[in-house]
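Shown next: data_18.txt, given as compact mmCIF, C-alpha atoms.
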```
# COMPACT_ATOMS: atom_id res chain seq x y z
CA MET A 1 -14.47 -25.79 43.58
CA GLN A 2 -13.71 -29.28 42.45
CA GLN A 3 -10.56 -29.86 44.38
CA GLU A 4 -10.70 -32.32 47.19
CA ARG A 5 -11.20 -30.77 50.54
CA GLY A 6 -10.55 -32.11 53.96
CA ARG A 7 -12.62 -31.74 57.08
CA ASN A 8 -11.57 -28.17 57.70
CA GLY A 9 -11.25 -26.90 54.15
CA GLY A 10 -12.82 -23.62 53.14
CA PRO A 11 -13.96 -20.68 55.20
CA ASN A 12 -17.46 -22.07 55.71
CA PRO A 13 -17.65 -25.66 54.46
CA GLU A 14 -21.24 -26.16 55.55
CA ALA A 15 -22.53 -23.14 53.64
CA GLU A 16 -20.55 -24.25 50.60
CA GLU A 17 -22.03 -27.75 50.84
CA VAL A 18 -25.55 -26.35 51.15
CA ARG A 19 -24.96 -24.31 48.01
CA LEU A 20 -23.68 -27.40 46.20
CA VAL A 21 -26.77 -29.40 47.18
CA ALA A 22 -29.02 -26.59 45.94
CA ARG A 23 -27.20 -26.62 42.61
CA ILE A 24 -27.42 -30.41 42.46
CA ALA A 25 -31.17 -30.08 42.99
CA ALA A 26 -31.16 -27.89 39.89
CA GLY A 27 -29.48 -30.70 37.93
CA ASP A 28 -25.96 -29.30 38.04
CA LYS A 29 -23.56 -32.21 37.46
CA LEU A 30 -20.47 -30.11 38.11
CA ALA A 31 -21.78 -29.34 41.59
CA PHE A 32 -22.49 -33.03 42.07
CA GLU A 33 -18.94 -33.93 41.11
CA ALA A 34 -17.61 -31.32 43.55
CA LEU A 35 -19.71 -32.74 46.39
CA TYR A 36 -18.68 -36.27 45.43
CA ARG A 37 -15.02 -35.32 45.70
CA ILE A 38 -15.60 -33.78 49.12
CA TYR A 39 -17.49 -36.79 50.42
CA PHE A 40 -15.75 -39.74 48.82
CA PRO A 41 -12.83 -39.83 51.31
CA ARG A 42 -15.11 -39.35 54.30
CA LEU A 43 -17.71 -41.88 53.17
CA SER A 44 -15.20 -44.49 52.12
CA ARG A 45 -13.46 -44.23 55.50
CA PHE A 46 -16.80 -44.56 57.28
CA ILE A 47 -18.03 -47.41 55.14
CA GLY A 48 -14.57 -48.97 55.25
CA ARG A 49 -14.98 -49.40 59.00
CA MET A 50 -18.09 -51.46 58.34
CA ALA A 51 -17.11 -53.34 55.18
CA ARG A 52 -13.66 -54.45 54.08
CA ASN A 53 -14.14 -55.17 50.41
CA ALA A 54 -12.94 -52.21 48.30
CA ALA A 55 -15.46 -52.91 45.53
CA LEU A 56 -18.29 -52.99 48.06
CA ILE A 57 -17.08 -49.75 49.66
CA GLU A 58 -17.03 -47.98 46.28
CA GLU A 59 -20.42 -49.42 45.42
CA VAL A 60 -21.97 -48.21 48.66
CA VAL A 61 -20.40 -44.75 48.22
CA ASN A 62 -21.86 -44.59 44.71
CA ASP A 63 -25.26 -45.83 45.86
CA THR A 64 -25.22 -43.15 48.54
CA MET A 65 -24.23 -40.37 46.17
CA LEU A 66 -26.77 -41.51 43.61
CA VAL A 67 -29.47 -40.97 46.25
CA VAL A 68 -27.96 -37.55 46.95
CA TRP A 69 -28.32 -36.75 43.24
CA GLN A 70 -31.86 -38.07 43.04
CA LYS A 71 -33.14 -36.53 46.28
CA ALA A 72 -31.16 -33.30 46.49
CA ALA A 73 -34.38 -31.34 46.15
CA THR A 74 -35.69 -32.95 49.34
CA PHE A 75 -32.79 -31.66 51.43
CA ASP A 76 -34.49 -29.00 53.54
CA GLY A 77 -31.57 -27.57 55.49
CA THR A 78 -32.93 -28.68 58.87
CA CYS A 79 -29.76 -30.68 59.46
CA LYS A 80 -26.19 -30.48 58.22
CA VAL A 81 -25.46 -31.80 54.74
CA SER A 82 -23.02 -34.26 56.31
CA THR A 83 -25.72 -35.62 58.63
CA TRP A 84 -28.04 -36.13 55.69
CA VAL A 85 -25.40 -37.80 53.53
CA PHE A 86 -24.09 -40.03 56.30
CA ALA A 87 -27.63 -41.14 57.19
CA ILE A 88 -28.06 -42.30 53.60
CA ALA A 89 -24.63 -43.93 53.70
CA TYR A 90 -25.42 -45.77 56.93
CA ARG A 91 -28.61 -47.24 55.50
CA LYS A 92 -26.86 -48.17 52.25
CA THR A 93 -24.00 -49.76 54.16
CA LEU A 94 -26.30 -51.99 56.20
CA LYS A 95 -28.17 -52.89 53.02
CA GLY A 96 -24.94 -53.55 51.14
CA LEU A 97 -23.59 -55.74 53.91
CA LYS A 98 -26.82 -57.70 54.03
CA ALA A 99 -26.80 -58.20 50.27
CA SER A 100 -23.16 -59.24 50.19
CA ASP A 101 -21.64 -62.17 51.94
CA GLU A 102 -19.57 -60.00 54.23
CA PRO A 103 -20.28 -60.71 57.87
CA MET A 104 -22.02 -57.91 59.74
CA GLU A 105 -20.10 -58.76 62.87
CA SER A 106 -16.44 -59.43 62.41
CA ASP A 107 -14.77 -62.60 63.44
CA ALA A 108 -11.89 -61.76 65.75
CA SER A 109 -10.02 -64.86 64.69
CA LEU A 110 -9.60 -63.40 61.22
CA TYR A 111 -7.00 -61.05 62.60
CA GLU A 112 -5.18 -63.17 65.09
CA ASP A 113 -2.45 -64.26 62.73
CA ASP A 114 -1.89 -61.16 60.67
CA SER A 115 -1.61 -58.41 63.23
CA GLY A 116 2.13 -58.22 62.72
CA ASN A 117 2.76 -57.71 66.40
CA GLN A 118 5.78 -59.53 67.66
CA PRO A 119 6.21 -60.01 71.38
CA GLU A 120 9.56 -58.30 71.42
CA GLN A 121 8.38 -55.27 69.53
CA THR A 122 7.05 -52.24 71.24
CA MET A 123 3.75 -51.09 69.93
CA ASN A 124 4.38 -48.22 67.59
CA ARG A 125 1.72 -45.84 66.37
CA GLN A 126 0.96 -47.79 63.22
CA GLN A 127 0.52 -50.96 65.19
CA LEU A 128 -1.67 -49.16 67.66
CA GLN A 129 -3.86 -47.88 64.86
CA GLN A 130 -4.06 -51.37 63.50
CA THR A 131 -4.96 -52.69 66.92
CA VAL A 132 -7.65 -50.06 67.38
CA ALA A 133 -9.02 -50.83 63.92
CA GLU A 134 -9.12 -54.53 64.68
CA ALA A 135 -10.74 -53.94 68.04
CA LEU A 136 -13.32 -51.72 66.34
CA ASP A 137 -14.04 -54.50 63.89
CA GLN A 138 -14.99 -56.75 66.74
CA LEU A 139 -17.74 -54.44 67.93
CA PRO A 140 -21.33 -55.00 66.84
CA ALA A 141 -22.12 -52.93 63.73
CA ALA A 142 -24.46 -50.54 65.57
CA GLN A 143 -21.88 -49.75 68.25
CA ARG A 144 -19.11 -49.52 65.68
CA ALA A 145 -21.01 -46.98 63.60
CA VAL A 146 -21.59 -44.75 66.61
CA MET A 147 -17.95 -44.99 67.65
CA VAL A 148 -16.58 -44.34 64.17
CA LEU A 149 -18.81 -41.31 63.72
CA THR A 150 -17.68 -39.98 67.11
CA TYR A 151 -13.94 -40.54 66.83
CA TYR A 152 -13.30 -40.42 63.10
CA HIS A 153 -15.92 -37.95 61.92
CA ASP A 154 -16.23 -35.52 64.86
CA MET A 155 -19.99 -35.83 65.06
CA ALA A 156 -22.01 -34.72 68.06
CA TYR A 157 -24.28 -37.36 69.54
CA SER A 158 -27.35 -35.50 68.29
CA GLU A 159 -26.05 -35.76 64.70
CA ILE A 160 -25.24 -39.44 65.19
CA ALA A 161 -28.77 -40.05 66.45
CA GLU A 162 -30.06 -38.62 63.17
CA VAL A 163 -27.62 -40.66 61.10
CA VAL A 164 -28.42 -44.00 62.70
CA GLU A 165 -32.03 -43.04 63.36
CA CYS A 166 -32.23 -43.79 67.05
CA PRO A 167 -32.92 -41.81 70.24
CA LEU A 168 -30.18 -39.65 71.79
CA ASN A 169 -29.92 -41.84 74.86
CA THR A 170 -29.44 -44.91 72.71
CA VAL A 171 -26.45 -43.26 71.04
CA LYS A 172 -24.92 -42.44 74.41
CA THR A 173 -25.57 -45.94 75.72
CA ARG A 174 -24.18 -47.60 72.63
CA MET A 175 -21.08 -45.46 72.86
CA PHE A 176 -20.68 -46.22 76.54
CA HIS A 177 -20.81 -49.96 75.97
CA ALA A 178 -18.64 -49.72 72.88
CA ARG A 179 -15.95 -47.87 74.84
CA HIS A 180 -15.93 -50.46 77.57
CA ARG A 181 -15.75 -53.24 75.05
CA LEU A 182 -13.00 -51.46 73.12
CA LYS A 183 -10.99 -50.90 76.27
CA ASP A 184 -11.21 -54.59 77.09
CA LEU A 185 -10.23 -55.56 73.59
CA LEU A 186 -7.28 -53.15 73.53
CA TRP A 187 -6.18 -54.41 76.90
CA ASN A 188 -6.25 -57.98 75.65
CA GLU A 189 -4.40 -57.01 72.47
CA ARG A 190 -1.70 -55.24 74.44
CA GLU A 191 -1.34 -58.08 76.86
CA SER A 192 -0.99 -60.61 74.09
CA SER A 193 1.55 -58.49 72.21
CA GLN A 194 3.88 -58.12 75.18
CA MET B 1 -6.74 -39.66 101.06
CA ASN B 2 -7.16 -36.34 102.79
CA GLY B 3 -9.45 -37.76 105.37
CA ARG B 4 -12.66 -36.50 103.89
CA ILE B 5 -15.30 -38.97 102.92
CA PHE B 6 -16.47 -38.32 99.39
CA ARG B 7 -19.82 -39.78 98.39
CA MET B 8 -20.06 -40.14 94.66
CA ASP B 9 -23.26 -39.14 92.98
CA ILE B 10 -23.69 -42.30 90.92
CA PRO B 11 -26.35 -41.04 88.46
CA ALA B 12 -24.33 -37.87 87.82
CA HIS B 13 -21.17 -39.92 87.36
CA GLN B 14 -22.90 -42.21 84.90
CA ALA B 15 -24.34 -39.25 82.98
CA VAL B 16 -20.90 -37.65 82.71
CA GLN B 17 -19.34 -40.96 81.70
CA GLU B 18 -21.72 -41.10 78.76
CA LEU B 19 -20.81 -37.57 77.71
CA LEU B 20 -17.02 -37.89 77.89
CA PRO B 21 -16.40 -38.78 74.21
CA TRP B 22 -18.14 -35.63 73.08
CA ASP B 23 -16.53 -33.53 75.78
CA ALA B 24 -13.19 -34.61 74.34
CA SER B 25 -14.32 -33.48 70.88
CA GLU B 26 -15.87 -30.27 72.25
CA GLN B 27 -19.24 -31.18 70.81
CA LEU B 28 -21.32 -30.70 73.95
CA ALA B 29 -23.80 -27.96 74.69
CA PRO B 30 -22.56 -25.31 77.17
CA ASP B 31 -24.68 -26.63 80.03
CA GLU B 32 -23.43 -30.18 79.44
CA THR B 33 -19.83 -28.97 79.32
CA GLN B 34 -20.38 -27.16 82.60
CA ARG B 35 -21.81 -30.29 84.20
CA VAL B 36 -18.84 -32.37 83.02
CA ARG B 37 -16.31 -29.77 84.25
CA GLU B 38 -17.88 -29.68 87.69
CA HIS B 39 -17.89 -33.44 87.97
CA LEU B 40 -14.32 -33.77 86.75
CA GLN B 41 -13.11 -31.69 89.67
CA THR B 42 -14.14 -34.39 92.06
CA CYS B 43 -13.83 -37.59 90.00
CA ALA B 44 -10.41 -39.03 89.22
CA GLN B 45 -11.96 -41.90 87.29
CA CYS B 46 -13.65 -39.55 84.81
CA ARG B 47 -10.49 -37.45 84.45
CA GLN B 48 -8.60 -40.61 83.56
CA ASP B 49 -11.31 -41.70 81.15
CA LEU B 50 -11.32 -38.29 79.49
CA GLU B 51 -7.59 -38.70 78.81
CA TRP B 52 -8.33 -42.06 77.21
CA GLU B 53 -10.96 -40.40 75.03
CA ARG B 54 -8.43 -37.81 73.90
CA ASP B 55 -5.93 -40.55 73.07
CA MET B 56 -8.57 -42.30 70.99
CA ARG B 57 -9.33 -39.10 69.10
CA ALA B 58 -5.63 -38.61 68.45
CA GLU B 59 -5.40 -42.14 67.08
CA ALA B 60 -8.40 -41.55 64.85
CA ALA B 61 -7.02 -38.25 63.57
CA ALA B 62 -3.72 -39.95 62.72
CA SER B 63 -5.37 -42.69 60.65
CA ASP B 64 -6.65 -40.62 57.76
CA ALA B 65 -5.86 -43.06 54.95
CA LEU B 66 -8.50 -44.37 52.58
CA PRO B 67 -9.35 -48.07 52.80
CA PRO B 68 -6.91 -50.10 50.68
CA GLY B 69 -7.89 -50.61 47.05
CA VAL B 70 -10.43 -47.80 46.91
CA ASP B 71 -10.12 -45.48 43.93
CA MET B 72 -12.19 -42.32 43.79
CA GLU B 73 -11.60 -41.50 40.13
CA SER B 74 -12.71 -44.87 38.81
CA ALA B 75 -15.72 -44.92 41.14
CA LEU B 76 -16.72 -41.44 40.02
CA ALA B 77 -16.23 -42.37 36.37
CA ARG B 78 -18.64 -45.27 36.84
CA LEU B 79 -21.26 -43.17 38.58
CA MET B 80 -21.40 -40.07 36.37
CA PRO B 81 -22.92 -41.77 33.31
CA ALA B 82 -25.45 -43.50 35.57
CA LEU B 83 -26.92 -40.27 36.92
CA GLY B 84 -30.49 -40.45 35.80
CA ALA B 85 -33.55 -38.40 36.45
CA GLN B 86 -33.88 -36.63 39.75
CA GLU B 87 -36.81 -37.35 42.02
CA HIS B 88 -38.25 -33.86 41.59
CA ALA B 89 -37.84 -31.63 38.59
CA ALA B 90 -35.18 -29.06 39.17
CA PRO B 91 -36.30 -25.85 40.78
CA VAL B 92 -36.00 -22.80 38.55
CA MET B 93 -32.58 -21.62 39.45
CA VAL B 94 -30.85 -21.32 36.08
CA THR B 95 -31.14 -18.03 34.29
CA ALA B 96 -32.79 -18.06 30.91
CA THR B 97 -30.05 -16.04 29.31
CA SER B 98 -27.22 -18.28 30.49
CA ALA B 99 -27.59 -22.01 30.81
CA THR B 100 -24.19 -22.56 32.38
CA PRO B 101 -24.43 -24.02 35.86
CA GLU B 102 -21.92 -21.51 37.24
CA ALA B 103 -24.35 -18.75 36.39
CA ALA B 104 -27.07 -20.23 38.58
CA PRO B 105 -27.98 -17.56 41.10
CA ILE B 106 -27.49 -19.60 44.24
CA ALA B 107 -27.91 -17.04 46.96
CA ALA B 108 -27.64 -17.27 50.69
CA GLY B 109 -31.29 -18.16 50.79
CA ALA B 110 -30.79 -21.41 48.95
CA PRO B 111 -31.81 -23.72 51.82
CA GLN B 112 -35.10 -21.91 52.25
CA ARG B 113 -35.74 -22.16 48.54
CA VAL B 114 -35.13 -25.88 48.57
CA SER B 115 -37.26 -26.22 51.64
CA TRP B 116 -40.10 -24.45 49.90
CA TRP B 117 -39.61 -26.62 46.86
CA ARG B 118 -39.87 -29.74 48.93
CA THR B 119 -43.26 -28.63 50.08
CA ALA B 120 -44.40 -27.52 46.67
CA SER B 121 -43.31 -30.64 44.90
CA ALA B 122 -44.76 -32.99 47.49
CA ASN B 123 -47.83 -33.61 45.40
CA GLN B 124 -48.85 -31.89 42.20
CA PRO B 125 -47.19 -28.55 41.65
CA SER B 126 -49.11 -26.23 39.44
CA TRP B 127 -46.46 -26.13 36.73
CA LEU B 128 -46.71 -29.88 36.35
CA ARG B 129 -50.45 -29.77 35.85
CA TRP B 130 -50.12 -27.07 33.24
CA THR B 131 -47.30 -28.83 31.48
CA VAL B 132 -49.36 -32.01 31.32
CA ALA B 133 -52.38 -30.02 30.13
CA ALA B 134 -50.28 -28.38 27.43
CA GLN B 135 -48.98 -31.79 26.36
CA TRP B 136 -52.53 -33.09 26.03
CA VAL B 137 -53.57 -30.07 23.99
CA LEU B 138 -50.59 -30.71 21.74
CA ILE B 139 -51.36 -34.43 21.43
CA ILE B 140 -55.03 -33.82 20.64
CA GLY B 141 -54.14 -31.05 18.24
CA LEU B 142 -51.61 -33.17 16.37
CA GLY B 143 -54.05 -36.09 16.34
CA ALA B 144 -56.72 -33.86 14.80
CA LEU B 145 -54.28 -32.72 12.17
CA LEU B 146 -53.48 -36.29 11.27
CA LEU B 147 -57.16 -37.25 11.00
CA ARG B 148 -58.10 -34.22 8.93
CA PRO B 149 -58.37 -34.89 5.18
CA ASP B 150 -55.29 -33.50 3.52
CA THR B 151 -57.07 -31.02 1.27
CA ASP B 152 -54.83 -28.01 1.24
CA PRO B 153 -51.19 -28.43 2.14
CA ALA B 154 -50.10 -26.61 5.27
CA PRO B 155 -47.51 -23.95 4.76
CA TYR B 156 -44.05 -24.95 5.88
CA ARG B 157 -42.83 -23.15 8.98
CA VAL B 158 -39.53 -23.39 10.73
CA LEU B 159 -40.10 -24.20 14.40
CA GLY B 160 -37.89 -21.45 15.62
CA SER B 161 -39.47 -18.81 13.43
CA ALA B 162 -42.18 -17.94 15.94
CA VAL B 163 -39.57 -17.49 18.63
CA SER B 164 -37.17 -15.44 16.61
CA SER B 165 -39.89 -13.32 15.05
CA GLY B 166 -41.88 -12.26 18.08
CA ALA B 167 -40.26 -12.80 21.48
CA ASN B 168 -38.71 -9.78 23.07
CA LEU B 169 -38.85 -10.74 26.75
CA VAL B 170 -37.99 -13.85 28.73
CA VAL B 171 -39.53 -14.47 32.08
CA ILE B 172 -39.35 -17.16 34.74
CA PHE B 173 -42.16 -17.35 37.24
CA GLN B 174 -41.90 -18.65 40.77
CA PRO B 175 -42.76 -22.35 40.61
CA ASN B 176 -45.84 -21.88 42.80
CA THR B 177 -47.39 -19.26 40.57
CA SER B 178 -50.94 -20.16 39.68
CA GLU B 179 -52.18 -20.03 36.13
CA ARG B 180 -54.62 -17.29 37.08
CA GLU B 181 -51.89 -15.15 38.57
CA LEU B 182 -49.66 -15.79 35.58
CA ARG B 183 -52.47 -14.83 33.19
CA HIS B 184 -53.21 -11.61 35.06
CA ILE B 185 -49.57 -10.58 35.05
CA LEU B 186 -49.30 -11.16 31.31
CA GLN B 187 -52.57 -9.43 30.52
CA ALA B 188 -51.60 -6.41 32.60
CA GLN B 189 -48.57 -5.92 30.39
CA GLY B 190 -50.31 -6.77 27.12
CA ALA B 191 -47.88 -9.67 26.84
CA ARG B 192 -48.37 -12.75 24.72
CA VAL B 193 -46.61 -16.07 25.26
CA VAL B 194 -44.60 -16.88 22.16
CA ASP B 195 -42.91 -19.98 23.49
CA GLY B 196 -42.33 -21.93 26.66
CA PRO B 197 -42.04 -23.26 29.16
CA THR B 198 -38.51 -24.05 27.98
CA VAL B 199 -36.26 -26.62 29.63
CA THR B 200 -35.39 -23.97 32.18
CA ASP B 201 -39.10 -23.22 32.76
CA ALA B 202 -38.76 -19.88 31.05
CA TYR B 203 -41.49 -18.30 28.93
CA LEU B 204 -40.73 -16.21 25.87
CA LEU B 205 -43.05 -13.25 25.65
CA HIS B 206 -43.95 -10.65 23.11
CA VAL B 207 -44.95 -7.22 24.34
CA PRO B 208 -45.47 -4.13 22.17
CA PRO B 209 -41.96 -2.76 21.61
CA ALA B 210 -43.01 0.73 22.70
CA THR B 211 -43.99 -0.49 26.16
CA ARG B 212 -41.32 -3.11 26.60
CA GLU B 213 -39.23 -1.21 29.15
CA ARG B 214 -42.28 -0.39 31.22
CA ALA B 215 -43.44 -4.02 31.05
CA LEU B 216 -39.98 -5.20 32.09
CA ALA B 217 -39.99 -2.90 35.10
CA ALA B 218 -43.49 -4.04 36.04
CA LEU B 219 -42.46 -7.70 35.76
CA HIS B 220 -39.43 -7.08 37.95
CA ALA B 221 -41.73 -5.65 40.58
CA GLU B 222 -43.97 -8.74 40.56
CA PRO B 223 -43.19 -11.12 43.49
CA ALA B 224 -44.31 -14.04 41.33
CA VAL B 225 -41.61 -13.26 38.76
CA GLN B 226 -38.29 -14.83 39.49
CA LEU B 227 -36.48 -13.46 36.47
CA ALA B 228 -37.38 -11.13 33.65
CA GLU B 229 -34.96 -10.07 30.96
CA ALA B 230 -35.18 -8.31 27.66
CA LEU B 231 -34.36 -10.36 24.58
CA ASP B 232 -32.44 -8.32 22.12
CA GLY B 233 -32.79 -9.39 18.55
CA GLY B 234 -35.27 -12.05 19.56
CA THR B 235 -32.58 -14.49 20.67
CA PRO B 236 -34.10 -17.35 22.61
CA PRO B 237 -32.35 -18.41 25.83
```

With the file now loaded, output its structure as structure tokens.
Amino acid sequence: MQQERGRNGGPNPEAEEVRLVARIAAGDKLAFEALYRIYFPRLSRFIGRMARNAALIEEVVNDTMLVVWQKAATFDGTCKVSTWVFAIAYRKTLKGLKASDEPMESDASLYEDDSGNQPEQTMNRQQLQQTVAEALDQLPAAQRAVMVLTYYHDMAYSEIAEVVECPLNTVKTRMFHARHRLKDLLWNERESSQ
Amino acid sequence: MNGRIFRMDIPAHQAVQELLPWDASEQLAPDETQRVREHLQTCAQCRQDLEWERDMRAEAAASDALPPGVDMESALARLMPALGAQEHAAPVMVTATSATPEAAPIAAGAPQRVSWWRTASANQPSWLRWTVAAQWVLIIGLGALLLRPDTDPAPYRVLGSAVSSGANLVVIFQPNTSERELRHILQAQGARVVDGPTVTDAYLLHVPPATRERALAALHAEPAVQLAEALDGGTPP
């Protein structure tokens, strides 16, 4: 029950998470710890795409999970547990970024000197991941959140609309523009690394 | 290239373009998937873009590492002691005879129960009113005792004595049970509340020992009763 589980762990992860939330609503701290261990990796990866400071990431994860503890009784099962938790996390992330001095929109120049790409090197997978991550960082926060939830968290656009609290078409439009921007950025990165 | 002139349906192309990321992750509704498939047959640009989407997903799946410097155990250790009160009192889901969380009867209907609870706890649930009323009775009663001239000393009683001496049933009512309904149920069985509500919202009852089994069966049959158990030897939950 308390072991960490990945995205596909368990025969029916959603039903298991719903049961955990119901137990949390009854004040069960063991259930809370189990849900925390399931969600910490996912939330920290999501928040980590928006904020870089490890202390801030942990703080936002804890703020999110504290709300889960406090409001578990209000979870009504009309959406997935993950949609509910990520919606809280998204709001907490924006709030955390605003409260901290971290820039909401990344400065591309921060990465120009430490990409590690040498002209003579071919771009290996790790470098490509790094390049994608850096390109993601250059997207506006709203577009970045939609893209991260799509690519890194396998969410449907209807779930994303609930997480970021915007209309379905806005999610699709944000994603469309984010993809174009990301393609341009990746193209530029590749050009400059060759 | 084959000599045919193909006129692209621009709105359809744009709509499919917007759906491609979720087609790659197989997150579209069947009708949307169908629309994308049909369009892909005639649109090389979208086929190429779909491949790009799949590459992006592969990249994302490969980068599964946590952000550097993040430590789950230390973060969890900081949070656990800070868990305070929950926004709504816990719904009655823990059995009176076993307070261990593992014994909580979380059934397949848990979401519905939480959903109901959300509604019930939106304002003033009946149990809260009665708990507050009971507190006031207690406060006024204790205040009266303090003000009363201390003529004859009150006999000393152990707090648990009432529980251990009289209770032979424990019952948990559905949280939305009205006081009137609760009273009728108890009166029908000749039951008397010995203690409660406890921290698990259970009531300890005394019924005449001769009719206890019948009362237990009747309580089980009541929709308003969530749990009813016999207490052997008067052991409180």

TODO: Compute the chain A side of the contact with chain B at 7 Å, counting only C-alpha atoms, and hand it back as JSON, numbers by chain.
DONE: {"A": [18, 19, 22, 25, 26, 27, 28, 40, 41, 44, 45, 48, 54, 58, 62, 66, 69, 70, 71, 73, 74, 75, 76, 77, 129, 151, 152, 154, 156, 172, 173, 176]}

Task: Atomic separation - CA of Arg42 in chain A relative to CA of Leu56 in chain A, Å - done: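 Computing it gives 15.3 Å between the two atoms.
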
Open item on the list: If I take CA of Leu219 in chain B and CA of Gln187 in chain B, how far is one from the other in Å, to one decimal?
Closed with: 11.5 Å

Open item on the list: Which residue is closest to Asn188 in chain A? Choose from A:Thr78, A:Asn53, A:Thr131, A:Ser158 and count only C-alpha atoms.
Closed with: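 Nearest to Asn188 in chain A: A:Thr131.
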
Open item on the list: Under the rule that all atoms listed in the file are counted, which of A:Val61, A:Ala99, A:Met147, A:Val164 is the nearest residue to Arg181 in chain A?
Closed with: A:Met147

Task: Local residues around (-6.6, -49.6, 75.0), at most 10 Å away, using all atoms listed in the file, as a VMD selection string - done: (chain A and resid 128 131 to 132 135 179 to 190) or (chain B and resid 52 55 to 56)

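From CA of Arg144 in chain A back to CA of Val171 in chain A, the distance works out to 11.0 Å.
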
Open item on the list: Residues near Ala87 in chain A, anyone? I mean within 8 Å using all atoms listed in the file, not counting same-chain ones fewer than 2 positions away, as a PyMOL selection string.
Closed with: chain A and resi 83-85+89-91+162-165

Task: Test item: residues at most 9 Å from range 212-215 of chain B, all atoms listed in the file, excluding those fewer than 4 positions along its chain, as a PyMOL selection string - done: chain B and resi 168-169+188-191+206-208+219-220+230

Open item on the list: Set the distance at 6 Å and use only C-alpha atoms: which residues neighbour Phe173 in chain B once local chain neighbours fewer than 3 positions away are removed? I'd like the list as an NGL selection string.
Closed with: :B and (224-226)
